[in-house]
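What follows is structure22.txt (compact mmCIF, C-alpha atoms).
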# COMPACT_ATOMS: atom_id res chain seq x y z
CA MET A 1 1.16 -56.66 -0.02
CA LEU A 2 4.89 -56.51 0.62
CA ASN A 3 4.39 -53.15 2.30
CA THR A 4 1.72 -54.63 4.58
CA ILE A 5 4.03 -57.45 5.65
CA LEU A 6 6.76 -54.88 6.25
CA ALA A 7 4.43 -52.80 8.43
CA LEU A 8 3.58 -55.87 10.47
CA ILE A 9 7.21 -56.89 10.95
CA LEU A 10 8.39 -53.35 11.77
CA GLY A 11 5.49 -53.04 14.20
CA LEU A 12 6.38 -56.34 15.87
CA VAL A 13 9.99 -55.26 16.39
CA PHE A 14 8.90 -51.80 17.56
CA GLY A 15 6.49 -53.26 20.12
CA PHE A 16 9.08 -55.80 21.23
CA LEU A 17 11.68 -53.07 21.83
CA LEU A 18 9.18 -50.86 23.67
CA ASN A 19 8.45 -53.77 25.95
CA LYS A 20 12.12 -54.61 26.54
CA ALA A 21 12.88 -50.97 27.36
CA GLY A 22 10.07 -51.15 29.93
CA LEU A 23 8.00 -48.48 28.19
CA THR A 24 4.88 -50.64 28.24
CA LYS A 25 4.74 -50.05 31.99
CA TYR A 26 2.77 -47.26 33.63
CA HIS A 27 5.46 -46.23 36.09
CA LYS A 28 8.20 -45.92 33.45
CA ILE A 29 6.16 -43.35 31.51
CA VAL A 30 4.98 -41.34 34.52
CA ASN A 31 8.34 -41.33 36.27
CA VAL A 32 10.04 -39.58 33.39
CA PHE A 33 7.73 -36.66 34.16
CA ARG A 34 8.57 -36.96 37.86
CA LEU A 35 12.22 -36.92 36.78
CA THR A 36 12.91 -40.11 38.75
CA ASP A 37 13.39 -42.59 35.86
CA MET A 38 14.84 -41.41 32.60
CA ALA A 39 14.31 -44.64 30.63
CA VAL A 40 11.89 -42.95 28.21
CA LEU A 41 14.42 -40.25 27.35
CA LYS A 42 17.34 -42.68 27.13
CA PHE A 43 15.29 -44.84 24.76
CA MET A 44 14.02 -41.96 22.64
CA MET A 45 17.29 -40.09 22.39
CA SER A 46 19.49 -43.08 21.56
CA GLY A 47 16.93 -44.05 18.91
CA LEU A 48 17.02 -40.52 17.54
CA VAL A 49 20.81 -40.36 17.41
CA VAL A 50 21.18 -43.71 15.64
CA ALA A 51 18.42 -42.95 13.15
CA MET A 52 19.62 -39.41 12.43
CA ILE A 53 23.17 -40.57 11.68
CA GLY A 54 21.98 -43.58 9.69
CA LEU A 55 19.37 -41.74 7.64
CA TYR A 56 21.46 -38.72 6.79
CA GLY A 57 24.41 -40.99 5.99
CA LEU A 58 22.30 -43.16 3.69
CA ARG A 59 20.84 -40.10 2.00
CA GLU A 60 24.32 -38.74 1.46
CA ILE A 61 25.28 -41.85 -0.54
CA GLY A 62 21.90 -41.80 -2.29
CA LEU A 63 20.34 -44.95 -0.83
CA VAL A 64 17.22 -43.40 0.69
CA THR A 65 14.85 -40.57 -0.12
CA PHE A 66 13.09 -38.97 2.80
CA PRO A 67 9.31 -39.07 3.10
CA ALA A 68 7.48 -35.78 3.71
CA ILE A 69 8.50 -34.59 7.16
CA PRO A 70 5.74 -33.76 9.68
CA ALA A 71 4.47 -30.25 8.97
CA THR A 72 5.67 -27.36 11.10
CA TYR A 73 2.98 -25.03 12.44
CA VAL A 74 4.50 -23.67 15.63
CA VAL A 75 1.36 -22.94 17.67
CA GLY A 76 -0.28 -26.24 16.73
CA ASN A 77 2.81 -28.32 17.41
CA VAL A 78 3.38 -26.77 20.83
CA LEU A 79 -0.31 -26.71 21.78
CA GLY A 80 -0.73 -30.32 20.66
CA GLY A 81 2.34 -31.25 22.69
CA LEU A 82 0.91 -29.53 25.76
CA VAL A 83 -2.42 -31.37 25.48
CA PHE A 84 -0.63 -34.63 24.71
CA GLY A 85 1.59 -34.37 27.79
CA VAL A 86 -1.43 -34.12 30.09
CA GLY A 87 -2.91 -37.29 28.62
CA MET A 88 0.41 -39.09 28.70
CA ALA A 89 1.00 -38.30 32.38
CA LEU A 90 -2.55 -39.45 33.21
CA THR A 91 -2.61 -42.76 31.34
CA GLY A 92 1.03 -43.75 31.35
CA TYR A 93 0.94 -44.72 27.67
CA MET B 1 23.32 -68.37 20.60
CA GLU B 2 23.30 -68.93 24.33
CA TRP B 3 23.93 -65.21 24.74
CA LEU B 4 20.99 -64.36 22.51
CA ARG B 5 18.69 -66.70 24.42
CA ARG B 6 19.74 -65.14 27.70
CA GLN B 7 19.11 -61.63 26.38
CA LEU B 8 15.67 -62.57 25.08
CA SER B 9 14.60 -63.96 28.43
CA LYS B 10 15.59 -60.78 30.27
CA GLU B 11 12.63 -58.66 31.30
CA LEU B 12 14.39 -55.33 30.79
CA TRP B 13 17.16 -54.32 28.46
CA SER B 14 19.30 -51.26 28.80
CA PRO B 15 17.13 -48.46 27.38
CA TYR B 16 20.17 -47.32 25.41
CA ALA B 17 20.43 -50.69 23.66
CA ALA B 18 16.70 -50.92 22.97
CA GLY B 19 16.73 -47.30 21.79
CA ALA B 20 19.63 -47.87 19.43
CA LEU B 21 17.77 -50.82 17.89
CA LEU B 22 14.69 -48.60 17.60
CA GLY B 23 16.88 -46.24 15.59
CA VAL B 24 17.63 -49.13 13.21
CA VAL B 25 13.88 -49.84 12.94
CA GLY B 26 13.34 -46.16 12.16
CA ILE B 27 15.95 -46.27 9.40
CA LEU B 28 14.44 -49.44 7.92
CA THR B 29 10.96 -47.90 7.99
CA VAL B 30 12.11 -44.95 5.91
CA ALA B 31 14.40 -46.98 3.66
CA LEU B 32 12.04 -49.90 2.91
CA SER B 33 8.55 -48.36 3.17
CA ASN B 34 9.23 -44.65 2.81
CA SER B 35 6.92 -44.10 5.79
CA LEU B 36 7.21 -43.12 9.44
CA LEU B 37 6.59 -45.08 12.63
CA GLY B 38 3.33 -43.35 13.56
CA ALA B 39 1.20 -44.89 16.29
CA SER B 40 -1.61 -42.41 16.92
CA GLY B 41 -2.45 -42.02 13.23
CA GLY B 42 -3.64 -45.60 13.04
CA PHE B 43 -6.19 -44.99 15.79
CA GLU B 44 -7.49 -41.98 13.87
CA ASN B 45 -7.83 -44.01 10.68
CA LEU B 46 -9.80 -46.60 12.63
CA ALA B 47 -11.88 -43.93 14.38
CA GLY B 48 -12.69 -42.47 10.97
CA LEU B 49 -13.76 -45.89 9.72
CA VAL B 50 -16.11 -46.44 12.68
CA GLY B 51 -17.30 -42.83 12.68
CA LYS B 52 -18.18 -42.82 9.00
CA ALA B 53 -20.19 -45.99 9.48
CA ILE B 54 -22.30 -44.76 12.42
CA ALA B 55 -22.40 -40.97 11.96
CA PRO B 56 -21.51 -40.16 8.35
CA THR B 57 -22.50 -36.48 8.51
CA ALA B 58 -20.53 -35.72 11.67
CA PHE B 59 -17.44 -37.34 10.18
CA ASN B 60 -17.84 -35.71 6.77
CA ASN B 61 -15.26 -32.99 7.42
CA VAL B 62 -11.87 -31.94 6.13
CA TYR B 63 -10.01 -33.77 8.91
CA PHE B 64 -11.49 -37.21 8.30
CA ASN B 65 -11.75 -36.77 4.54
CA PHE B 66 -8.28 -35.50 3.78
CA VAL B 67 -5.96 -35.18 6.79
CA MET B 68 -6.61 -38.63 8.27
CA PRO B 69 -8.65 -40.60 5.73
CA PRO B 70 -10.30 -43.65 7.27
CA GLY B 71 -9.27 -47.14 6.32
CA ILE B 72 -6.99 -50.03 7.15
CA THR B 73 -3.84 -48.08 6.46
CA TRP B 74 -0.15 -48.89 6.77
CA GLN B 75 -0.23 -47.39 10.26
CA VAL B 76 -3.12 -49.60 11.36
CA ILE B 77 -1.14 -52.69 10.35
CA LEU B 78 1.84 -51.26 12.23
CA LEU B 79 -0.33 -50.91 15.35
CA VAL B 80 -1.34 -54.57 15.12
CA GLY B 81 2.36 -55.40 14.97
CA VAL B 82 3.16 -53.19 17.97
CA PHE B 83 0.43 -54.86 20.02
CA PHE B 84 1.67 -58.37 19.35
CA GLY B 85 5.31 -57.29 19.48
CA GLY B 86 4.78 -56.03 23.01
CA MET B 87 3.13 -59.32 23.91
CA ILE B 88 6.00 -61.31 22.43
CA GLY B 89 8.42 -59.17 24.45
CA ALA B 90 6.59 -59.95 27.68
CA LEU B 91 6.18 -63.60 26.72
CA SER B 92 9.89 -64.02 25.99
CA ALA B 93 10.64 -62.93 29.55
CA GLY B 94 7.80 -65.07 30.96
CA LYS B 95 6.08 -61.93 32.24
CA LEU B 96 2.90 -62.02 30.16
CA HIS B 97 -0.10 -61.89 32.48
CA TRP B 98 -3.47 -60.22 32.85
CA SER B 99 -3.60 -57.38 35.33
CA TRP B 100 -6.26 -54.80 36.19
CA ILE B 101 -4.05 -52.33 37.99
CA PRO B 102 -0.80 -51.54 36.16
CA ASP B 103 1.62 -51.69 39.08
CA VAL B 104 2.42 -50.91 42.68
CA GLN B 105 2.97 -47.25 41.97
CA TRP B 106 -0.51 -46.81 40.53
CA ALA B 107 -2.12 -48.56 43.52
CA LYS B 108 -0.22 -46.28 45.92
CA VAL B 109 -1.46 -43.12 44.25
CA PHE B 110 -4.93 -43.98 43.00
CA GLY B 111 -5.84 -47.05 45.06
CA GLU B 112 -6.94 -50.48 43.89
CA ARG B 113 -10.28 -49.53 42.35
CA ARG B 114 -10.57 -50.77 38.80
CA TRP B 115 -12.99 -48.12 37.55
CA VAL B 116 -10.52 -45.41 38.51
CA ARG B 117 -7.84 -47.05 36.37
CA TRP B 118 -10.20 -47.67 33.45
CA GLY B 119 -11.78 -44.22 33.69
CA LEU B 120 -8.47 -42.38 33.87
CA ALA B 121 -6.84 -44.51 31.20
CA PHE B 122 -9.79 -43.91 28.88
CA SER B 123 -10.17 -40.17 29.45
CA GLY B 124 -6.41 -39.64 29.51
CA ALA B 125 -6.14 -41.46 26.20
CA ILE B 126 -8.80 -39.19 24.68
CA VAL B 127 -6.82 -36.12 25.76
CA LEU B 128 -3.61 -37.69 24.46
CA GLU B 129 -5.04 -38.64 21.09
CA TYR B 130 -6.65 -35.22 20.72
CA GLY B 131 -3.29 -33.57 21.41
CA ALA B 132 -1.62 -35.84 18.87
CA GLY B 133 -4.30 -34.82 16.36
CA ILE B 134 -3.55 -31.12 16.86
CA ALA B 135 0.22 -31.53 16.76
CA GLY B 136 0.26 -33.91 13.82
CA GLY B 137 1.70 -36.94 15.58
CA CYS B 138 2.58 -38.59 18.86
CA THR B 139 5.74 -39.61 20.66
CA SER B 140 6.71 -42.14 18.03
CA GLY B 141 5.28 -40.64 14.85
CA LEU B 142 6.25 -37.03 15.48
CA ALA B 143 8.88 -36.85 18.24
CA ILE B 144 11.00 -39.84 17.19
CA SER B 145 10.23 -40.21 13.48
CA GLY B 146 10.07 -36.47 12.87
CA GLY B 147 13.10 -35.86 15.04
CA MET B 148 15.26 -38.28 13.11
CA LEU B 149 14.49 -36.30 9.94
CA LEU B 150 15.28 -33.13 11.92
CA ALA B 151 11.72 -31.80 11.58
CA PRO B 152 11.29 -28.65 13.70
CA ALA B 153 7.75 -29.78 14.59
CA ALA B 154 9.20 -32.74 16.51
CA PHE B 155 11.25 -30.61 18.84
CA LEU B 156 8.43 -28.13 19.45
CA PHE B 157 6.21 -31.09 20.30
CA ILE B 158 8.76 -32.64 22.70
CA ALA B 159 9.08 -29.30 24.52
CA GLY B 160 5.30 -28.98 24.90
CA MET B 161 4.88 -32.59 25.94
CA PHE B 162 7.45 -32.38 28.73
CA MET B 163 6.22 -29.03 30.01
CA SER B 164 2.66 -30.18 30.52
CA GLY B 165 3.63 -33.75 31.43
CA ILE B 166 5.83 -32.56 34.28
CA ALA B 167 3.15 -30.12 35.45
CA THR B 168 0.48 -32.84 35.35
CA ALA B 169 2.68 -35.29 37.25
CA LEU B 170 3.36 -32.56 39.84
CA ILE B 171 -0.37 -32.05 40.35
CA ILE B 172 -1.16 -35.77 40.56
CA TYR B 173 1.71 -36.66 42.83
CA ARG B 174 1.99 -33.42 44.86
CA ALA B 175 4.01 -34.23 48.00
CA ARG B 176 4.88 -37.68 46.66
CA TYR B 177 6.56 -36.12 43.63
Let me see the structure of the file written as C-alpha cells.
Amino acid sequence: MLNTILALILGLVFGFLLNKAGLTKYHKIVNVFRLTDMAVLKFMMSGLVVAMIGLYGLREIGLVTFPAIPATYVVGNVLGGLVFGVGMALTGY
Amino acid sequence: MEWLRRQLSKELWSPYAAGALLGVVGILTVALSNSLLGASGGFENLAGLVGKAIAPTAFNNVYFNFVMPPGITWQVILLVGVFFGGMIGALSAGKLHWSWIPDVQWAKVFGERRWVRWGLAFSGAIVLEYGAGIAGGCTSGLAISGGMLLAPAAFLFIAGMFMSGIATALIIYRARY
C-alpha cells in the first residue's frame, strides 16, 4: 500500500518535472534530433549527474542498496535503441 | 513563498533545474521503493492484461508470462502519476487545454489534418514501444534510471536512440532540417 502511494507521488513529481522542462511538447522532443533544441539532453544529463552522485554517495555510506540494473545484451540494447529512436522522432513522445 | 508561487506559474523551467530535481526523484525511487522510474514497462503490463483477456493463447508466451507479467504493477501506478503530474504542471502555468495538433511546428511539416497526427502518433508509438521491449526499457526506465546506476545497457541504448532519431528527423524534415 505504502509502495503504491509512493509510486503515485513519484509519478506525479516526474510528470510535473517533464512538463516544466517542456518535454511534454512535440517540438522539444523532435528538435533534439534536429540538434536545434537541446532541452531533452540538458534535462536527462543533469538528472543523470545528480542521481549518479547521490546514489553512489548514499551506497557508500550504506543507506541504499541498488535494485537489479537493466540487463546488458549489446545487440538487443543497441537494436532496441535504434527502433525506439525512429518511433520517438515520429511521435514526439 | 512568493518566489515559489512565481516559479510554479512559469510555463517552462530551466531544463537543468528540472533535470536536477529529476535526479532527486530518481534517488528517492531507488532509496524508498528499490525500483526504477520505468515508463514503457507499465504499458506492457497493461497490454499483457488486456491481451490475456481477449487472446489468451497468443499472449501465453515467455515474454508476457515472465519478462513483463501482466497486472496493475508499480510501474502502472507510476504512469497514472506521470499523466496527472503532467496535467498539474500545465495547470499550474494556466496552459492546460485540449488540442488536436501538438504545435505550430507539427502543422508546418505535416499540415493540420487530424488523422495524420493520430495515425503517426499511434504507429510511431507502436514502433517506440516495440523498441523499448527489445532494449529492456525506454528513455526514463533504461537511459535515465539505468544510466544513474551506470548500467552499460543504458549507454548503448542512448547511442542507438540518437543515431536513428537523428536519421529519422533528417528524413522527415529534409531541407527544413
What does the distance from CA of Leu91 in chain B to CA of Asn31 in chain A come to in Å, to one decimal?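 Distance reported for this atom pair: 24.3 Å.
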Atomic separation - CA of Ala7 in chain A relative to CA of Thr24 in chain A, Å: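 Answer for the CA of Thr24 in chain A to CA of Ala7 in chain A separation: 19.9 Å.
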Considering all atoms listed in the file, can you say which of B:Gly86, B:Ile166, B:Trp115, B:Trp13 comes closest to Trp100 in chain B?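 When distances to Trp100 in chain B are compared using all atoms listed in the file, the smallest one comes from B:Trp115.
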Once you count all atoms listed in the file, which residues end up no further than 12 Å from (18.7, -51.4, 10.3) in the file's frame, shown as a list in words?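 Residues close enough to count: Leu10, Val13, Gly47, Val50, Ala51, Ile53, Gly54, Leu55 and Leu58 of chain A; Ala20, Leu21, Leu22, Gly23, Val24, Val25, Gly26, Ile27, Leu28, Thr29, Val30, Ala31 and Leu32 of chain B.
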Taking all atoms listed in the file into account, which of B:Gly111, B:Gly165, B:Ser35, B:Met148 comes nearest Phe33 in chain A? B:Gly165
Cut-off 6 Å: closest chain B/chain A atom pairs per residue, using only C-alpha atoms, as a tab-separated table:
residue	atom	partner	partner_atom	distance
B:Leu12	CA	A:Lys20	CA	4.9
B:Trp13	CA	A:Lys20	CA	5.4
B:Pro15	CA	A:Phe43	CA	4.8
B:Tyr16	CA	A:Phe43	CA	5.5
B:Ala18	CA	A:Leu17	CA	5.6
B:Gly19	CA	A:Phe43	CA	4.1
B:Ala20	CA	A:Gly47	CA	4.7
B:Leu22	CA	A:Gly47	CA	5.2
B:Gly23	CA	A:Gly47	CA	4.0
B:Ile27	CA	A:Ala51	CA	5.6
B:Ala31	CA	A:Val64	CA	5.4
B:Asn34	CA	A:Pro67	CA	5.6
B:Ile77	CA	A:Leu8	CA	5.7
B:Leu78	CA	A:Gly11	CA	4.5
B:Gly81	CA	A:Gly11	CA	4.0
B:Val82	CA	A:Gly15	CA	4.0
B:Gly85	CA	A:Leu12	CA	3.9
B:Gly86	CA	A:Gly15	CA	4.4
B:Gly89	CA	A:Phe16	CA	4.7
B:Ala121	CA	A:Thr91	CA	4.6
B:Gly124	CA	A:Gly87	CA	4.3
B:Ala125	CA	A:Gly87	CA	5.8
B:Val127	CA	A:Gly87	CA	5.0
B:Leu128	CA	A:Gly87	CA	4.2
B:Gly131	CA	A:Gly80	CA	4.2
B:Ala132	CA	A:Gly80	CA	5.9
B:Ile134	CA	A:Gly80	CA	4.8
B:Ala135	CA	A:Asn77	CA	4.2
B:Met148	CA	A:Met52	CA	4.6
B:Ala153	CA	A:Thr72	CA	4.7
B:Leu156	CA	A:Val78	CA	5.4
B:Phe157	CA	A:Gly81	CA	4.6
B:Gly160	CA	A:Gly81	CA	4.3
B:Met161	CA	A:Gly85	CA	4.2
B:Ser164	CA	A:Leu82	CA	5.1
B:Gly165	CA	A:Gly85	CA	4.2
B:Ile166	CA	A:Phe33	CA	4.5
B:Thr168	CA	A:Val86	CA	5.7
B:Ala169	CA	A:Ala89	CA	6.0
All residues 10 Å or closer to range 37-51 of chain B, only C-alpha atoms, same chain fewer than 6 positions away omitted, as a PDB file with C-alpha atoms, in the coordinates of the input:
ATOM      1  CA  ALA A   7       4.430 -52.800   8.430  1.00  0.00           C
ATOM      2  CA  LEU A  10       8.390 -53.350  11.770  1.00  0.00           C
ATOM      3  CA  GLY A  11       5.490 -53.040  14.200  1.00  0.00           C
ATOM      4  CA  PHE A  14       8.900 -51.800  17.560  1.00  0.00           C
TER       5      PHE A  14
ATOM      6  CA  VAL B  25      13.880 -49.840  12.940  1.00  0.00           C
ATOM      7  CA  GLY B  26      13.340 -46.160  12.160  1.00  0.00           C
ATOM      8  CA  ILE B  27      15.950 -46.270   9.400  1.00  0.00           C
ATOM      9  CA  THR B  29      10.960 -47.900   7.990  1.00  0.00           C
ATOM     10  CA  VAL B  30      12.110 -44.950   5.910  1.00  0.00           C
ATOM     11  CA  THR B  57     -22.500 -36.480   8.510  1.00  0.00           C
ATOM     12  CA  ALA B  58     -20.530 -35.720  11.670  1.00  0.00           C
ATOM     13  CA  PHE B  59     -17.440 -37.340  10.180  1.00  0.00           C
ATOM     14  CA  ASN B  60     -17.840 -35.710   6.770  1.00  0.00           C
ATOM     15  CA  TYR B  63     -10.010 -33.770   8.910  1.00  0.00           C
ATOM     16  CA  PHE B  64     -11.490 -37.210   8.300  1.00  0.00           C
ATOM     17  CA  ASN B  65     -11.750 -36.770   4.540  1.00  0.00           C
ATOM     18  CA  VAL B  67      -5.960 -35.180   6.790  1.00  0.00           C
ATOM     19  CA  MET B  68      -6.610 -38.630   8.270  1.00  0.00           C
ATOM     20  CA  PRO B  69      -8.650 -40.600   5.730  1.00  0.00           C
ATOM     21  CA  PRO B  70     -10.300 -43.650   7.270  1.00  0.00           C
ATOM     22  CA  GLY B  71      -9.270 -47.140   6.320  1.00  0.00           C
ATOM     23  CA  ILE B  72      -6.990 -50.030   7.150  1.00  0.00           C
ATOM     24  CA  THR B  73      -3.840 -48.080   6.460  1.00  0.00           C
ATOM     25  CA  TRP B  74      -0.150 -48.890   6.770  1.00  0.00           C
ATOM     26  CA  GLN B  75      -0.230 -47.390  10.260  1.00  0.00           C
ATOM     27  CA  VAL B  76      -3.120 -49.600  11.360  1.00  0.00           C
ATOM     28  CA  ILE B  77      -1.140 -52.690  10.350  1.00  0.00           C
ATOM     29  CA  LEU B  78       1.840 -51.260  12.230  1.00  0.00           C
ATOM     30  CA  LEU B  79      -0.330 -50.910  15.350  1.00  0.00           C
ATOM     31  CA  VAL B  80      -1.340 -54.570  15.120  1.00  0.00           C
ATOM     32  CA  VAL B  82       3.160 -53.190  17.970  1.00  0.00           C
ATOM     33  CA  LEU B 128      -3.610 -37.690  24.460  1.00  0.00           C
ATOM     34  CA  GLU B 129      -5.040 -38.640  21.090  1.00  0.00           C
ATOM     35  CA  TYR B 130      -6.650 -35.220  20.720  1.00  0.00           C
ATOM     36  CA  ALA B 132      -1.620 -35.840  18.870  1.00  0.00           C
ATOM     37  CA  GLY B 133      -4.300 -34.820  16.360  1.00  0.00           C
ATOM     38  CA  GLY B 136       0.260 -33.910  13.820  1.00  0.00           C
ATOM     39  CA  GLY B 137       1.700 -36.940  15.580  1.00  0.00           C
ATOM     40  CA  CYS B 138       2.580 -38.590  18.860  1.00  0.00           C
ATOM     41  CA  THR B 139       5.740 -39.610  20.660  1.00  0.00           C
ATOM     42  CA  SER B 140       6.710 -42.140  18.030  1.00  0.00           C
ATOM     43  CA  GLY B 141       5.280 -40.640  14.850  1.00  0.00           C
ATOM     44  CA  LEU B 142       6.250 -37.030  15.480  1.00  0.00           C
ATOM     45  CA  ALA B 143       8.880 -36.850  18.240  1.00  0.00           C
ATOM     46  CA  ILE B 144      11.000 -39.840  17.190  1.00  0.00           C
ATOM     47  CA  SER B 145      10.230 -40.210  13.480  1.00  0.00           C
ATOM     48  CA  GLY B 146      10.070 -36.470  12.870  1.00  0.00           C
TER      49      GLY B 146
END
Between CA of Ile126 in chain B and CA of Leu150 in chain B, distance in Å (one decimal): 27.9 Å
Using only C-alpha atoms, can you tell me which of B:Met87, B:Val109, B:Ala55, B:Leu96 comes closest to Ile171 in chain B?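 Ranked by minimum distance to Ile171 in chain B, first place goes to B:Val109.
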Pick out the residues sitting within 6 Å of Ala93 in chain B, and hand them over as a ChimeraX atom specification; count all atoms listed in the file, and ignore anything fewer than 5 positions along from it in its own chain. /B:9-11
Can you spit out the residues from that selection as a compact mmCIF listing (two decimals), in the coordinates of the input, using C-alpha atoms?
# COMPACT_ATOMS: atom_id res chain seq x y z
CA SER B 9 14.60 -63.96 28.43
CA LYS B 10 15.59 -60.78 30.27
CA GLU B 11 12.63 -58.66 31.30
Ranking B:Gly147, B:Arg176, B:Gly119, B:Arg6 by minimum distance to Leu36 in chain B and counting all atoms listed in the file, which one comes first? B:Gly147
Because some atoms of range 39-64 of chain B are absent here, can you restore N, CA and C atoms and send them as a short mmCIF file (atom, residue, chain, number, x, y, z; two decimals), in the coordinates of the input?
data_model
loop_
_atom_site.label_atom_id
_atom_site.label_comp_id
_atom_site.auth_asym_id
_atom_site.auth_seq_id
_atom_site.Cartn_x
_atom_site.Cartn_y
_atom_site.Cartn_z
N ALA B 39 2.09 -44.00 15.54
CA ALA B 39 1.20 -44.89 16.29
C ALA B 39 -0.19 -44.29 16.41
N SER B 40 -0.28 -42.98 16.68
CA SER B 40 -1.61 -42.41 16.92
C SER B 40 -2.42 -42.30 15.63
N GLY B 41 -1.74 -42.14 14.49
CA GLY B 41 -2.45 -42.02 13.23
C GLY B 41 -3.35 -43.21 12.95
N GLY B 42 -2.86 -44.39 13.27
CA GLY B 42 -3.64 -45.60 13.04
C GLY B 42 -4.98 -45.59 13.77
N PHE B 43 -4.95 -45.08 15.01
CA PHE B 43 -6.19 -44.99 15.79
C PHE B 43 -7.17 -44.03 15.11
N GLU B 44 -6.62 -42.96 14.53
CA GLU B 44 -7.49 -41.98 13.87
C GLU B 44 -8.09 -42.55 12.60
N ASN B 45 -7.29 -43.34 11.86
CA ASN B 45 -7.83 -44.01 10.68
C ASN B 45 -8.97 -44.94 11.07
N LEU B 46 -8.76 -45.68 12.16
CA LEU B 46 -9.80 -46.60 12.63
C LEU B 46 -11.03 -45.85 13.13
N ALA B 47 -10.77 -44.74 13.87
CA ALA B 47 -11.88 -43.93 14.38
C ALA B 47 -12.70 -43.39 13.21
N GLY B 48 -12.00 -42.97 12.14
CA GLY B 48 -12.69 -42.47 10.97
C GLY B 48 -13.57 -43.54 10.34
N LEU B 49 -13.04 -44.76 10.30
CA LEU B 49 -13.76 -45.89 9.72
C LEU B 49 -15.05 -46.15 10.49
N VAL B 50 -14.94 -46.20 11.83
CA VAL B 50 -16.11 -46.44 12.68
C VAL B 50 -17.05 -45.25 12.60
N GLY B 51 -16.48 -44.04 12.69
CA GLY B 51 -17.30 -42.83 12.68
C GLY B 51 -18.10 -42.68 11.40
N LYS B 52 -17.48 -42.96 10.27
CA LYS B 52 -18.18 -42.82 9.00
C LYS B 52 -19.32 -43.83 8.88
N ALA B 53 -19.16 -44.96 9.55
CA ALA B 53 -20.19 -45.99 9.48
C ALA B 53 -21.39 -45.62 10.34
N ILE B 54 -21.15 -45.02 11.53
CA ILE B 54 -22.30 -44.76 12.42
C ILE B 54 -22.79 -43.33 12.36
N ALA B 55 -21.94 -42.36 12.03
CA ALA B 55 -22.40 -40.97 11.96
C ALA B 55 -21.75 -40.28 10.77
N PRO B 56 -22.19 -40.63 9.55
CA PRO B 56 -21.51 -40.16 8.35
C PRO B 56 -21.45 -38.64 8.24
N THR B 57 -22.53 -37.93 8.66
CA THR B 57 -22.50 -36.48 8.51
C THR B 57 -21.49 -35.83 9.44
N ALA B 58 -21.45 -36.31 10.70
CA ALA B 58 -20.53 -35.72 11.67
C ALA B 58 -19.08 -35.93 11.26
N PHE B 59 -18.82 -37.03 10.56
CA PHE B 59 -17.44 -37.34 10.18
C PHE B 59 -17.10 -36.87 8.77
N ASN B 60 -18.09 -36.19 8.13
CA ASN B 60 -17.84 -35.71 6.77
C ASN B 60 -17.18 -34.33 6.85
N ASN B 61 -15.94 -34.27 7.33
CA ASN B 61 -15.26 -32.99 7.42
C ASN B 61 -13.86 -33.10 6.83
N VAL B 62 -13.19 -31.97 6.77
CA VAL B 62 -11.87 -31.94 6.13
C VAL B 62 -10.91 -32.91 6.81
N TYR B 63 -10.98 -32.95 8.17
CA TYR B 63 -10.01 -33.77 8.91
C TYR B 63 -10.12 -35.24 8.52
N PHE B 64 -11.35 -35.77 8.58
CA PHE B 64 -11.49 -37.21 8.30
C PHE B 64 -11.57 -37.52 6.81
#
